[in-house]
Amino acid sequence: MTVLAREAVRERRWRSEGPLDLELTLGPHRRGGGDPAWRKTPDGAIWRTSRTPDGPGTLRVLARGGHVDGAAWGPGAEWLLETLPAMLGVDDDLSGFVPEHDVIRDASRRYGGLRVGRTFRVLEALVPAVLEQKVVTGEAWRAWRWLLGRYGEPAPGPAPEGMRVFPEPEAWRSIPSWDWHRAGTEAVRARTVVNAARHAAKLEAAGGSADADRLLRALPGIGVWTSAEVRQRSHGDADAISVGDYHLASLVGWSLTGREADDAEMLRLLAPYRGHRHRVSRLLKLGGARPPARGPKTAARDYRSF
């Protein structure tokens, strides 16, 4: 790891032992095309910001020539580079993953660079997951952009314009009700975020994924779906299947049987893949069969007009 004092940048070069697709691996951390914490630039680099244990940081990752080049800025730069391999799935264990369906076998070959990485940052994964509870995704992404624009700080270093760093827990706890309203987030989700921010230290200190699941689901407003969405990202849990997802059960059912499925049937179908059920769901999202459209999409609600 080198330090270039003139630009206060830290750099690291890392080589993955297997195929690695940066965008597929880091894509789950992106919350819409205008996410202030995630950008892809024309040169193929992916930029992320994070509130690390050492403070705010900006990370730039670029894959070329069989290796990954990472550059980071800010107080959290060194931490971001130290955890870069984990974020890119160095600990993702594929043992026991044996595709039993043609669609999964084909997708695993086509998207062989997909890895399930971990960021070690629970609250950063939790807040956007709560914003996405029971609403149209675009509505949640709009709230995420507004809140980071209002309460996040500018990204350190030469980050693309408009990038922001996830606010500290204290900032989330102090957001007044009228700003939640301006963001388009109703009181129930706002209270869930504020309460989780109060317990941020305990959540961040969680050991494995099972411990994090227990702590998360002990908080009001956080159920099976939200906990899974968090642990997929923070802990790299390849088995944390998003039970209760509005579309996932149908996708799994149509992909594996050609018919509709509910959550119970989805879990039955994915039972042979225990340990990798989230991995399988991601592969099916990329290469599976979607149920036929039966009407117009649900329109986004705008809580700001209520």
# chains A, B, ... in the order shown; residues from 1 in each chain; ligands from 1

$ residues_around --residues "stretch 163-173 of chain A" --least-positions-apart "4" --cutoff "9 Å" --atoms "only C-alpha atoms" --output "PyMOL selection string"
chain A and resi 35-39+48-51+56-58+123-124+148-149+151-156+159+193-201

$ select_by_dssp --residues "stretch 4-251 of chain A" --states "strand (DSSP E or B)" --output "number ranges by chain"
A: 4, 9-14, 38-40, 46-52, 55-64, 67-73, 153-154, 164-165

$ atom_distance --atom1 "atom CA of A:Gly34" --atom2 "atom CA of A:Pro53"
25.4 Å

$ residues_around --residues "A:Asp239" --least-positions-apart "2" --cutoff "12 Å" --atoms "only C-alpha atoms" --output "ChimeraX atom specification"
/A:92-94,96-97,116,209-210,228-229,231-233,235-237,241-243,267,270-282

$ atom_distance --atom1 "atom CA of A:Leu59" --atom2 "atom CA of A:Gly74"
9.2 Å

$ residues_around --residues "A:Gly112" --least-positions-apart "3" --cutoff "9 Å" --atoms "only C-alpha atoms" --output "compact mmCIF listing (two decimals) with N, CA and C atoms, in the first residue's frame"
# COMPACT_ATOMS: atom_id res chain seq x y z
N GLY A 18 -10.06 -15.85 -8.71
CA GLY A 18 -10.99 -16.34 -9.72
C GLY A 18 -11.56 -15.18 -10.52
N PRO A 19 -12.47 -15.47 -11.43
CA PRO A 19 -13.09 -14.40 -12.21
C PRO A 19 -13.86 -13.44 -11.31
N LEU A 20 -13.82 -12.16 -11.66
CA LEU A 20 -14.47 -11.15 -10.85
C LEU A 20 -15.07 -10.09 -11.76
N ASP A 21 -16.37 -9.89 -11.62
CA ASP A 21 -17.07 -8.82 -12.33
C ASP A 21 -17.37 -7.73 -11.31
N ALA A 107 -26.82 -19.67 -15.83
CA ALA A 107 -26.55 -18.34 -15.27
C ALA A 107 -25.23 -18.31 -14.53
N SER A 108 -24.90 -19.39 -13.82
CA SER A 108 -23.64 -19.40 -13.07
C SER A 108 -22.44 -19.40 -14.01
N ARG A 109 -22.61 -19.96 -15.20
CA ARG A 109 -21.53 -19.92 -16.19
C ARG A 109 -21.44 -18.54 -16.84
N ARG A 115 -19.69 -12.22 -7.31
CA ARG A 115 -19.27 -12.60 -5.97
C ARG A 115 -20.17 -11.91 -4.94

$ atom_distance --atom1 "atom CA of A:Asp54" --atom2 "atom CA of A:Thr119"
14.1 Å

$ closest_residue --among "A:Leu284, A:Leu126, A:Leu80, A:Ala218" --to "A:Val230" --atoms "only C-alpha atoms"
A:Leu126

$ select_by_dssp --residues "stretch 131-210 of chain A" --states "alpha helix (DSSP H)" --output "PyMOL selection string"
chain A and resi 131+137-151+169-174+177-183+187-198+200-204+209-210

$ write_last_selection --atoms "C-alpha atoms" --output "PDB file, in the first residue's frame"
ATOM      1  CA  LEU A 131     -36.575   3.172   2.888  1.00  0.00           C
ATOM      2  CA  THR A 137     -38.281   1.220  -5.544  1.00  0.00           C
ATOM      3  CA  GLY A 138     -38.043   4.548  -7.339  1.00  0.00           C
ATOM      4  CA  GLU A 139     -39.784   6.208  -4.407  1.00  0.00           C
ATOM      5  CA  ALA A 140     -37.228   4.813  -1.977  1.00  0.00           C
ATOM      6  CA  TRP A 141     -34.300   5.836  -4.176  1.00  0.00           C
ATOM      7  CA  ARG A 142     -35.643   9.376  -4.387  1.00  0.00           C
ATOM      8  CA  ALA A 143     -35.767   9.555  -0.570  1.00  0.00           C
ATOM      9  CA  TRP A 144     -32.231   8.151  -0.339  1.00  0.00           C
ATOM     10  CA  ARG A 145     -30.901  10.805  -2.730  1.00  0.00           C
ATOM     11  CA  TRP A 146     -32.673  13.608  -0.865  1.00  0.00           C
ATOM     12  CA  LEU A 147     -31.508  12.537   2.577  1.00  0.00           C
ATOM     13  CA  LEU A 148     -27.877  12.068   1.567  1.00  0.00           C
ATOM     14  CA  GLY A 149     -27.953  15.360  -0.286  1.00  0.00           C
ATOM     15  CA  ARG A 150     -29.305  17.100   2.804  1.00  0.00           C
ATOM     16  CA  TYR A 151     -27.421  15.340   5.606  1.00  0.00           C
ATOM     17  CA  PRO A 169     -25.826   7.851  13.417  1.00  0.00           C
ATOM     18  CA  GLU A 170     -26.325  11.100  15.351  1.00  0.00           C
ATOM     19  CA  ALA A 171     -27.371  12.847  12.152  1.00  0.00           C
ATOM     20  CA  TRP A 172     -30.035  10.226  11.406  1.00  0.00           C
ATOM     21  CA  ARG A 173     -31.376  10.565  14.952  1.00  0.00           C
ATOM     22  CA  SER A 174     -31.655  14.340  14.614  1.00  0.00           C
ATOM     23  CA  SER A 177     -40.167  15.173  10.999  1.00  0.00           C
ATOM     24  CA  TRP A 178     -40.611  17.831   8.311  1.00  0.00           C
ATOM     25  CA  ASP A 179     -37.429  16.711   6.530  1.00  0.00           C
ATOM     26  CA  TRP A 180     -38.556  13.096   6.560  1.00  0.00           C
ATOM     27  CA  HIS A 181     -41.725  14.410   4.946  1.00  0.00           C
ATOM     28  CA  ARG A 182     -39.750  16.364   2.352  1.00  0.00           C
ATOM     29  CA  ALA A 183     -37.840  13.193   1.549  1.00  0.00           C
ATOM     30  CA  ALA A 187     -43.424   8.307  10.027  1.00  0.00           C
ATOM     31  CA  VAL A 188     -43.242   4.509  10.351  1.00  0.00           C
ATOM     32  CA  ARG A 189     -40.093   4.116   8.260  1.00  0.00           C
ATOM     33  CA  ALA A 190     -38.607   7.277   9.752  1.00  0.00           C
ATOM     34  CA  ARG A 191     -39.048   5.916  13.287  1.00  0.00           C
ATOM     35  CA  THR A 192     -37.458   2.620  12.239  1.00  0.00           C
ATOM     36  CA  VAL A 193     -34.350   4.400  10.929  1.00  0.00           C
ATOM     37  CA  VAL A 194     -34.072   6.694  13.958  1.00  0.00           C
ATOM     38  CA  ASN A 195     -34.390   3.782  16.385  1.00  0.00           C
ATOM     39  CA  ALA A 196     -31.829   1.707  14.479  1.00  0.00           C
ATOM     40  CA  ALA A 197     -29.424   4.669  14.580  1.00  0.00           C
ATOM     41  CA  ARG A 198     -29.742   4.670  18.377  1.00  0.00           C
ATOM     42  CA  ALA A 200     -25.830   1.612  15.688  1.00  0.00           C
ATOM     43  CA  ALA A 201     -22.838   0.701  17.861  1.00  0.00           C
ATOM     44  CA  LYS A 202     -24.376  -2.628  18.856  1.00  0.00           C
ATOM     45  CA  LEU A 203     -25.388  -3.416  15.277  1.00  0.00           C
ATOM     46  CA  GLU A 204     -21.938  -2.646  13.909  1.00  0.00           C
ATOM     47  CA  SER A 209     -24.646 -12.984  10.129  1.00  0.00           C
ATOM     48  CA  ALA A 210     -26.762 -14.965  12.595  1.00  0.00           C
TER      49      ALA A 210
END
